[in-house]
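Shown next: work-v7.json, given as JSON, C-alpha atoms and all ligand atoms.
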```json
[["chain", "number", "residue", "atom", "x", "y", "z"],
["A", 1, "MET", "CA", 0.00, 0.00, 0.00],
["A", 2, "LEU", "CA", 1.43, 3.33, -1.06],
["A", 3, "LYS", "CA", 1.50, 6.38, 1.20],
["A", 4, "ILE", "CA", 0.85, 9.55, -0.78],
["A", 5, "GLY", "CA", 1.41, 12.96, 0.82],
["A", 6, "ILE", "CA", -0.83, 15.82, -0.30],
["A", 7, "THR", "CA", -0.17, 19.45, 0.53],
["A", 8, "GLY", "CA", -0.52, 23.00, -0.72],
["A", 9, "ASN", "CA", -0.18, 26.48, 0.65],
["A", 10, "ILE", "CA", -2.94, 28.24, 2.56],
["A", 11, "GLY", "CA", -6.20, 28.27, 0.60],
["A", 12, "SER", "CA", -4.83, 26.11, -2.22],
["A", 13, "GLY", "CA", -7.67, 23.65, -1.76],
["A", 14, "LYS", "CA", -5.74, 20.64, -0.46],
["A", 15, "THR", "CA", -8.60, 19.63, 1.84],
["A", 16, "THR", "CA", -11.17, 20.06, -0.93],
["A", 17, "VAL", "CA", -9.05, 17.94, -3.31],
["A", 18, "SER", "CA", -8.50, 15.32, -0.59],
["A", 19, "LYS", "CA", -12.29, 15.02, -0.21],
["A", 20, "VAL", "CA", -12.52, 14.17, -3.92],
["A", 21, "PHE", "CA", -10.05, 11.31, -3.36],
["A", 22, "GLU", "CA", -12.19, 10.23, -0.39],
["A", 23, "ILE", "CA", -15.24, 10.04, -2.67],
["A", 24, "LEU", "CA", -13.23, 7.56, -4.79],
["A", 25, "GLY", "CA", -12.79, 5.40, -1.68],
["A", 26, "VAL", "CA", -9.25, 6.51, -0.82],
["A", 27, "PRO", "CA", -8.64, 6.72, 2.96],
["A", 28, "VAL", "CA", -7.32, 10.17, 3.95],
["A", 29, "PHE", "CA", -5.40, 10.98, 7.13],
["A", 30, "TYR", "CA", -5.71, 14.69, 8.04],
["A", 31, "ALA", "CA", -2.42, 15.40, 9.83],
["A", 32, "ASP", "CA", -3.40, 18.85, 11.09],
["A", 33, "ASP", "CA", -6.51, 17.46, 12.81],
["A", 34, "ALA", "CA", -4.41, 14.58, 14.17],
["A", 35, "ALA", "CA", -1.88, 17.07, 15.58],
["A", 36, "LYS", "CA", -4.64, 18.63, 17.69],
["A", 37, "LYS", "CA", -5.93, 15.25, 18.83],
["A", 38, "VAL", "CA", -2.59, 13.73, 19.90],
["A", 39, "MET", "CA", -1.97, 16.63, 22.28],
["A", 40, "THR", "CA", -4.61, 15.19, 24.59],
["A", 41, "HIS", "CA", -4.80, 11.55, 23.46],
["A", 42, "ASP", "CA", -1.16, 10.40, 23.14],
["A", 43, "PRO", "CA", -0.02, 9.57, 26.70],
["A", 44, "LEU", "CA", 3.68, 9.85, 25.81],
["A", 45, "LEU", "CA", 3.16, 13.31, 24.31],
["A", 46, "VAL", "CA", 0.99, 14.47, 27.22],
["A", 47, "GLY", "CA", 3.84, 13.57, 29.61],
["A", 48, "GLN", "CA", 6.39, 15.31, 27.40],
["A", 49, "LEU", "CA", 4.27, 18.48, 27.22],
["A", 50, "ILE", "CA", 3.96, 18.59, 31.00],
["A", 51, "ASN", "CA", 7.73, 18.11, 31.36],
["A", 52, "ALA", "CA", 8.49, 20.78, 28.79],
["A", 53, "PHE", "CA", 5.87, 23.43, 29.54],
["A", 54, "GLY", "CA", 4.62, 22.61, 33.03],
["A", 55, "ALA", "CA", 1.49, 21.13, 34.61],
["A", 56, "GLY", "CA", -0.40, 24.25, 33.57],
["A", 57, "SER", "CA", -0.41, 22.88, 30.01],
["A", 58, "PHE", "CA", -3.60, 20.99, 30.87],
["A", 59, "PHE", "CA", -6.77, 21.82, 32.77],
["A", 60, "SER", "CA", -7.86, 19.46, 35.54],
["A", 61, "ASP", "CA", -10.32, 17.72, 33.17],
["A", 62, "GLY", "CA", -7.45, 16.85, 30.77],
["A", 63, "ALA", "CA", -8.27, 19.50, 28.17],
["A", 64, "LEU", "CA", -5.31, 21.32, 26.64],
["A", 65, "ASN", "CA", -4.62, 24.82, 27.94],
["A", 66, "ARG", "CA", -3.81, 26.27, 24.53],
["A", 67, "LYS", "CA", -3.25, 29.77, 25.87],
["A", 68, "HIS", "CA", -0.66, 28.57, 28.39],
["A", 69, "ILE", "CA", 1.34, 26.83, 25.66],
["A", 70, "ALA", "CA", 0.82, 29.61, 23.10],
["A", 71, "ASP", "CA", 2.06, 32.23, 25.59],
["A", 72, "ILE", "CA", 5.31, 30.26, 25.95],
["A", 73, "VAL", "CA", 5.99, 29.24, 22.36],
["A", 74, "PHE", "CA", 5.02, 32.41, 20.52],
["A", 75, "LYS", "CA", 7.51, 34.43, 22.58],
["A", 76, "ASP", "CA", 10.41, 32.06, 22.06],
["A", 77, "GLU", "CA", 11.37, 30.39, 18.79],
["A", 78, "ALA", "CA", 13.36, 27.67, 20.60],
["A", 79, "GLN", "CA", 10.27, 26.70, 22.62],
["A", 80, "LEU", "CA", 8.21, 26.59, 19.42],
["A", 81, "GLN", "CA", 10.77, 24.24, 17.89],
["A", 82, "LEU", "CA", 10.66, 22.11, 21.02],
["A", 83, "LEU", "CA", 6.86, 21.89, 20.77],
["A", 84, "ASN", "CA", 7.08, 20.87, 17.09],
["A", 85, "SER", "CA", 9.79, 18.31, 17.84],
["A", 86, "LEU", "CA", 7.43, 16.64, 20.33],
["A", 87, "VAL", "CA", 4.21, 16.88, 18.31],
["A", 88, "HIS", "CA", 5.58, 15.68, 14.93],
["A", 89, "PRO", "CA", 6.66, 12.22, 16.19],
["A", 90, "ALA", "CA", 3.28, 11.84, 17.91],
["A", 91, "VAL", "CA", 1.54, 12.56, 14.60],
["A", 92, "PHE", "CA", 3.78, 9.92, 12.96],
["A", 93, "ARG", "CA", 2.73, 7.43, 15.62],
["A", 94, "ALA", "CA", -0.93, 8.24, 15.00],
["A", 95, "PHE", "CA", -0.45, 7.95, 11.23],
["A", 96, "ASN", "CA", 1.30, 4.58, 11.53],
["A", 97, "GLN", "CA", -1.43, 3.24, 13.81],
["A", 98, "TRP", "CA", -4.06, 4.50, 11.37],
["A", 99, "VAL", "CA", -2.27, 2.89, 8.40],
["A", 100, "ALA", "CA", -1.93, -0.41, 10.28],
["A", 101, "ASN", "CA", -5.72, -0.68, 10.44],
["A", 102, "ILE", "CA", -6.29, -0.12, 6.73],
["A", 103, "LYS", "CA", -6.43, -3.14, 4.47],
["A", 104, "ASN", "CA", -7.07, -3.87, 0.83],
["A", 105, "VAL", "CA", -6.56, -0.46, -0.70],
["A", 106, "PRO", "CA", -3.80, 0.38, -3.21],
["A", 107, "TYR", "CA", -2.93, 3.67, -1.54],
["A", 108, "VAL", "CA", -3.78, 6.14, 1.22],
["A", 109, "LEU", "CA", -3.35, 9.92, 1.41],
["A", 110, "LYS", "CA", -1.76, 11.95, 4.18],
["A", 111, "GLU", "CA", -2.95, 15.56, 4.01],
["A", 112, "ALA", "CA", -0.62, 17.97, 5.79],
["A", 113, "ALA", "CA", -0.14, 21.74, 5.49],
["A", 114, "LEU", "CA", 3.57, 21.50, 6.36],
["A", 115, "LEU", "CA", 4.38, 18.23, 4.57],
["A", 116, "PHE", "CA", 7.57, 19.65, 3.08],
["A", 117, "GLU", "CA", 8.53, 22.05, 5.88],
["A", 118, "SER", "CA", 8.30, 19.24, 8.48],
["A", 119, "ASP", "CA", 10.22, 16.76, 6.33],
["A", 120, "SER", "CA", 7.34, 14.30, 6.72],
["A", 121, "TYR", "CA", 7.20, 14.01, 2.92],
["A", 122, "LYS", "CA", 10.29, 11.80, 3.23],
["A", 123, "MET", "CA", 8.08, 9.12, 4.77],
["A", 124, "CYS", "CA", 5.72, 9.22, 1.77],
["A", 125, "ASP", "CA", 6.13, 7.18, -1.42],
["A", 126, "GLN", "CA", 4.85, 10.04, -3.60],
["A", 127, "THR", "CA", 3.68, 13.60, -3.05],
["A", 128, "ILE", "CA", 1.01, 15.84, -4.58],
["A", 129, "LEU", "CA", 1.09, 19.64, -4.45],
["A", 130, "VAL", "CA", -2.21, 21.52, -4.91],
["A", 131, "THR", "CA", -1.53, 24.92, -6.43],
["A", 132, "ALA", "CA", -3.44, 28.17, -7.01],
["A", 133, "PRO", "CA", -2.34, 31.78, -7.47],
["A", 134, "LEU", "CA", -1.81, 33.79, -4.29],
["A", 135, "GLU", "CA", -4.66, 36.27, -4.92],
["A", 136, "LEU", "CA", -7.16, 33.46, -5.45],
["A", 137, "ARG", "CA", -5.96, 31.71, -2.30],
["A", 138, "ILE", "CA", -6.24, 34.92, -0.28],
["A", 139, "ASN", "CA", -9.80, 35.51, -1.54],
["A", 140, "ARG", "CA", -10.82, 31.94, -0.69],
["A", 141, "VAL", "CA", -9.51, 32.16, 2.87],
["A", 142, "MET", "CA", -11.01, 35.64, 3.41],
["A", 143, "GLN", "CA", -14.38, 34.19, 2.40],
["A", 144, "ARG", "CA", -13.97, 30.94, 4.33],
["A", 145, "ASP", "CA", -12.59, 32.32, 7.62],
["A", 146, "GLY", "CA", -13.30, 36.05, 7.45],
["A", 147, "LEU", "CA", -9.59, 36.68, 8.04],
["A", 148, "GLN", "CA", -7.80, 39.89, 7.11],
["A", 149, "ARG", "CA", -5.44, 39.87, 4.14],
["A", 150, "ALA", "CA", -2.45, 40.66, 6.43],
["A", 151, "ASP", "CA", -3.17, 37.63, 8.66],
["A", 152, "ILE", "CA", -3.33, 35.37, 5.62],
["A", 153, "LEU", "CA", -0.06, 36.75, 4.25],
["A", 154, "ASN", "CA", 1.53, 36.27, 7.66],
["A", 155, "ARG", "CA", 0.61, 32.56, 7.55],
["A", 156, "GLU", "CA", 1.68, 32.27, 3.92],
["A", 157, "ASN", "CA", 5.09, 33.71, 4.79],
["A", 158, "LYS", "CA", 5.65, 31.01, 7.41],
["A", 159, "GLN", "CA", 5.38, 28.31, 4.70],
["A", 160, "PHE", "CA", 7.79, 27.42, 1.91],
["A", 161, "THR", "CA", 6.83, 29.23, -1.29],
["A", 162, "GLU", "CA", 4.70, 27.41, -3.83],
["A", 163, "GLU", "CA", 7.67, 27.64, -6.25],
["A", 164, "LYS", "CA", 9.94, 25.81, -3.83],
["A", 165, "LYS", "CA", 7.30, 23.15, -3.18],
["A", 166, "LYS", "CA", 6.91, 22.60, -6.93],
["A", 167, "THR", "CA", 10.53, 21.46, -7.03],
["A", 168, "LEU", "CA", 9.88, 18.93, -4.24],
["A", 169, "ALA", "CA", 6.53, 17.48, -5.31],
["A", 170, "ASN", "CA", 6.11, 14.47, -7.60],
["A", 171, "PHE", "CA", 2.69, 15.56, -8.91],
["A", 172, "ILE", "CA", 0.79, 18.84, -9.15],
["A", 173, "ILE", "CA", -2.96, 19.44, -9.14],
["A", 174, "LYS", "CA", -3.88, 22.90, -10.42],
["A", 175, "ASN", "CA", -6.85, 24.22, -8.50],
["A", 176, "ASP", "CA", -6.90, 27.67, -10.05],
["A", 177, "ASP", "CA", -10.33, 27.79, -11.73],
["A", 178, "THR", "CA", -8.75, 27.31, -15.19],
["A", 179, "GLU", "CA", -8.55, 23.51, -15.05],
["A", 180, "LEU", "CA", -11.15, 21.06, -13.81],
["A", 181, "VAL", "CA", -10.01, 19.30, -10.65],
["A", 182, "ILE", "CA", -11.90, 16.01, -10.93],
["A", 183, "PRO", "CA", -10.18, 14.84, -14.16],
["A", 184, "GLN", "CA", -6.79, 15.61, -12.59],
["A", 185, "VAL", "CA", -7.73, 13.56, -9.51],
["A", 186, "LEU", "CA", -8.98, 10.67, -11.67],
["A", 187, "GLU", "CA", -5.72, 10.67, -13.63],
["A", 188, "LEU", "CA", -3.62, 10.49, -10.46],
["A", 189, "HIS", "CA", -5.93, 7.83, -9.02],
["A", 190, "ASP", "CA", -5.03, 5.65, -12.03],
["A", 191, "VAL", "CA", -1.33, 6.47, -11.66],
["A", 192, "PHE", "CA", -1.24, 5.48, -7.99],
["A", 193, "ARG", "CA", -3.24, 2.31, -8.58],
["A", 194, "SER", "CA", -0.75, 1.29, -11.30],
["A", 195, "LEU", "CA", 2.25, 2.20, -9.14],
["A", 196, "SER", "CA", 0.93, 0.09, -6.27],
["A", 197, "HIS", "CA", 0.98, -3.11, -8.34],
["B", 201, "LIG", "P1", -5.92, 25.76, 4.55],
["B", 201, "LIG", "O1", -4.48, 25.47, 4.38],
["B", 201, "LIG", "O2", -6.17, 27.18, 4.83],
["B", 201, "LIG", "O3", -6.62, 24.83, 5.50],
["B", 201, "LIG", "P2", -6.75, 24.32, 2.15],
["B", 201, "LIG", "O4", -5.58, 24.30, 1.24],
["B", 201, "LIG", "O5", -7.09, 23.05, 2.85],
["B", 201, "LIG", "O6", -6.65, 25.55, 3.14],
["B", 201, "LIG", "P3", -9.53, 24.37, 1.36],
["B", 201, "LIG", "O7", -10.05, 24.56, 2.73],
["B", 201, "LIG", "O8", -9.72, 23.06, 0.69],
["B", 201, "LIG", "O9", -7.98, 24.78, 1.27],
["B", 201, "LIG", "O10", -10.09, 25.49, 0.38],
["B", 201, "LIG", "C1", -10.11, 26.86, 0.78],
["B", 201, "LIG", "C2", -11.47, 27.45, 0.46],
["B", 201, "LIG", "O11", -11.60, 27.55, -0.95],
["B", 201, "LIG", "C3", -12.63, 26.58, 0.93],
["B", 201, "LIG", "O12", -13.68, 27.41, 1.36],
["B", 201, "LIG", "C4", -13.04, 25.80, -0.32],
["B", 201, "LIG", "O13", -14.40, 25.47, -0.31],
["B", 201, "LIG", "C5", -12.70, 26.80, -1.43],
["B", 201, "LIG", "N1", -12.27, 26.12, -2.67],
["B", 201, "LIG", "C6", -11.22, 25.30, -2.80],
["B", 201, "LIG", "N2", -11.11, 24.87, -4.06],
["B", 201, "LIG", "C7", -12.13, 25.44, -4.75],
["B", 201, "LIG", "C8", -12.57, 25.39, -6.11],
["B", 201, "LIG", "N3", -11.93, 24.68, -7.04],
["B", 201, "LIG", "N4", -13.65, 26.09, -6.44],
["B", 201, "LIG", "C9", -14.31, 26.84, -5.53],
["B", 201, "LIG", "N5", -13.95, 26.94, -4.23],
["B", 201, "LIG", "C10", -12.87, 26.25, -3.86]]
```
Please lay out the structure from this file as structure tokens.
Ligand code: ATP
Amino acid sequence: MLKIGITGNIGSGKTTVSKVFEILGVPVFYADDAAKKVMTHDPLLVGQLINAFGAGSFFSDGALNRKHIADIVFKDEAQLQLLNSLVHPAVFRAFNQWVANIKNVPYVLKEAALLFESDSYKMCDQTILVTAPLELRINRVMQRDGLQRADILNRENKQFTEEKKKTLANFIIKNDDTELVIPQVLELHDVFRSLSH
């Protein structure tokens, strides 16, 4: 079974494209959702977070005290790196457990915003980059989340550029309103099914 990474910059439509693969019966692991879940569900990580950031990282009912952690990591780049270095392996553990329970499919997708930045693409057999021009992506996210342009650009600037990602990806899906997405997905679906044989 192949593991295919799928990514794209903010507003590129990677989640939307992943849902099209899901309609074809392809299991999709959403790494960014998993990253939130492991912070309260992975016992090893919970212990590591308490060691690193103190008991105040969790409320007495076990819920994550996001503000406590955010106050520490957004003031100090080294603490942010420490947080990432703890969360990424926990997401890998969750992904591997998830994969272990999937049978009889030629391939699965791992959708992750920072697939390339986090190096997790190296654990994938192939990668897909979903692309769209910056202005279109900004408009989509403004409509979806009601965010200001500056906030979106701030997030965009924390990611590798689309140009850089194009050099790292094996396949590209253009989601820029000039090409239909579904035929591109169907073509890759055939490619991955052939590769898995
Ligand atoms: P983020 O990184 O911000 O989570 P994303 O890359 O996962 O974004 P989506 O959430 O899939 O992007 O898409 C962003 C917004 O644009 C959504 O509201 C989605 O419905 C819309 N969108 C994506 N692709 C298209 C398209 N081809 N046509 C119309 N709307 C689209």
Inset, instruction - Would you list the contacts of Leu136 (chain A) as a PyMOL selection string, taking every protein, DNA or RNA residue within 12 Å and counting only C-alpha atoms, but skipping same-chain residues closer than 6 positions in sequence? - result: chain A and resi 9-13+142-143+149+152+175-178
Restricting it to C-alpha atoms, dump the selection as an mmCIF file, in the frame of the given file.
```cif
data_model
loop_
_atom_site.group_PDB
_atom_site.id
_atom_site.type_symbol
_atom_site.label_atom_id
_atom_site.label_comp_id
_atom_site.auth_asym_id
_atom_site.auth_seq_id
_atom_site.Cartn_x
_atom_site.Cartn_y
_atom_site.Cartn_z
ATOM 1 C CA ASN A 9 -0.180 26.480 0.650
ATOM 2 C CA ILE A 10 -2.940 28.240 2.560
ATOM 3 C CA GLY A 11 -6.200 28.270 0.600
ATOM 4 C CA SER A 12 -4.830 26.110 -2.220
ATOM 5 C CA GLY A 13 -7.670 23.650 -1.760
ATOM 6 C CA MET A 142 -11.010 35.640 3.410
ATOM 7 C CA GLN A 143 -14.380 34.190 2.400
ATOM 8 C CA ARG A 149 -5.440 39.870 4.140
ATOM 9 C CA ILE A 152 -3.330 35.370 5.620
ATOM 10 C CA ASN A 175 -6.850 24.220 -8.500
ATOM 11 C CA ASP A 176 -6.900 27.670 -10.050
ATOM 12 C CA ASP A 177 -10.330 27.790 -11.730
ATOM 13 C CA THR A 178 -8.750 27.310 -15.190
#
```
Inset, instruction - Identify which of the residues A:Met39, A:Leu129, A:Ala94, A:Val17 lies closest to ligand LIG 201 (chain B), counting all atoms listed in the file when measuring atom-to-atom distances. - result: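 Smallest distance to ligand LIG 201 (chain B) is found for A:Val17.
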Inset, instruction - Name the residues, using the chain letters and numbers of the file, that sit within 12 Å of (-2.1, 0.5, -9.3) when counting only C-alpha atoms, and give them as a ChimeraX atom specification. - result: /A:1-2,105-107,187-197
Legend entry - Selection: 8 Å around Val185 (chain A), all atoms listed in the file, excl. self and same-chain fewer than 5 positions, as a PyMOL selection string: chain A and resi 17+20-21+173
Inset, instruction - Would you mind listing what lies within 8 Å of Pro27 (chain A) as a VMD selection string, with all atoms listed in the file counted and same-chain residues fewer than 2 positions away left out? - result: chain A and resid 21 to 22 25 29 107 to 109
Inset, instruction - Select, from A:Ile172, A:Ala34, A:Leu186, A:Ala132, the residue with the minimum atom-to-atom distance to ligand LIG 201 (chain B), counting all atoms listed in the file. - result: A:Ala132
Legend entry - Pick from A:Asp71, A:Asp33, A:Asp76, A:Asp125 nearest to ligand LIG 201 (chain B), counting only C-alpha atoms and all ligand atoms: A:Asp33
Legend entry - Shortest interatomic distance to Pro43 (chain A) - which of A:Glu163, A:Pro133, A:Ala90, A:Lys19, counting only C-alpha atoms: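 Closest residue, counting only C-alpha atoms: A:Ala90.
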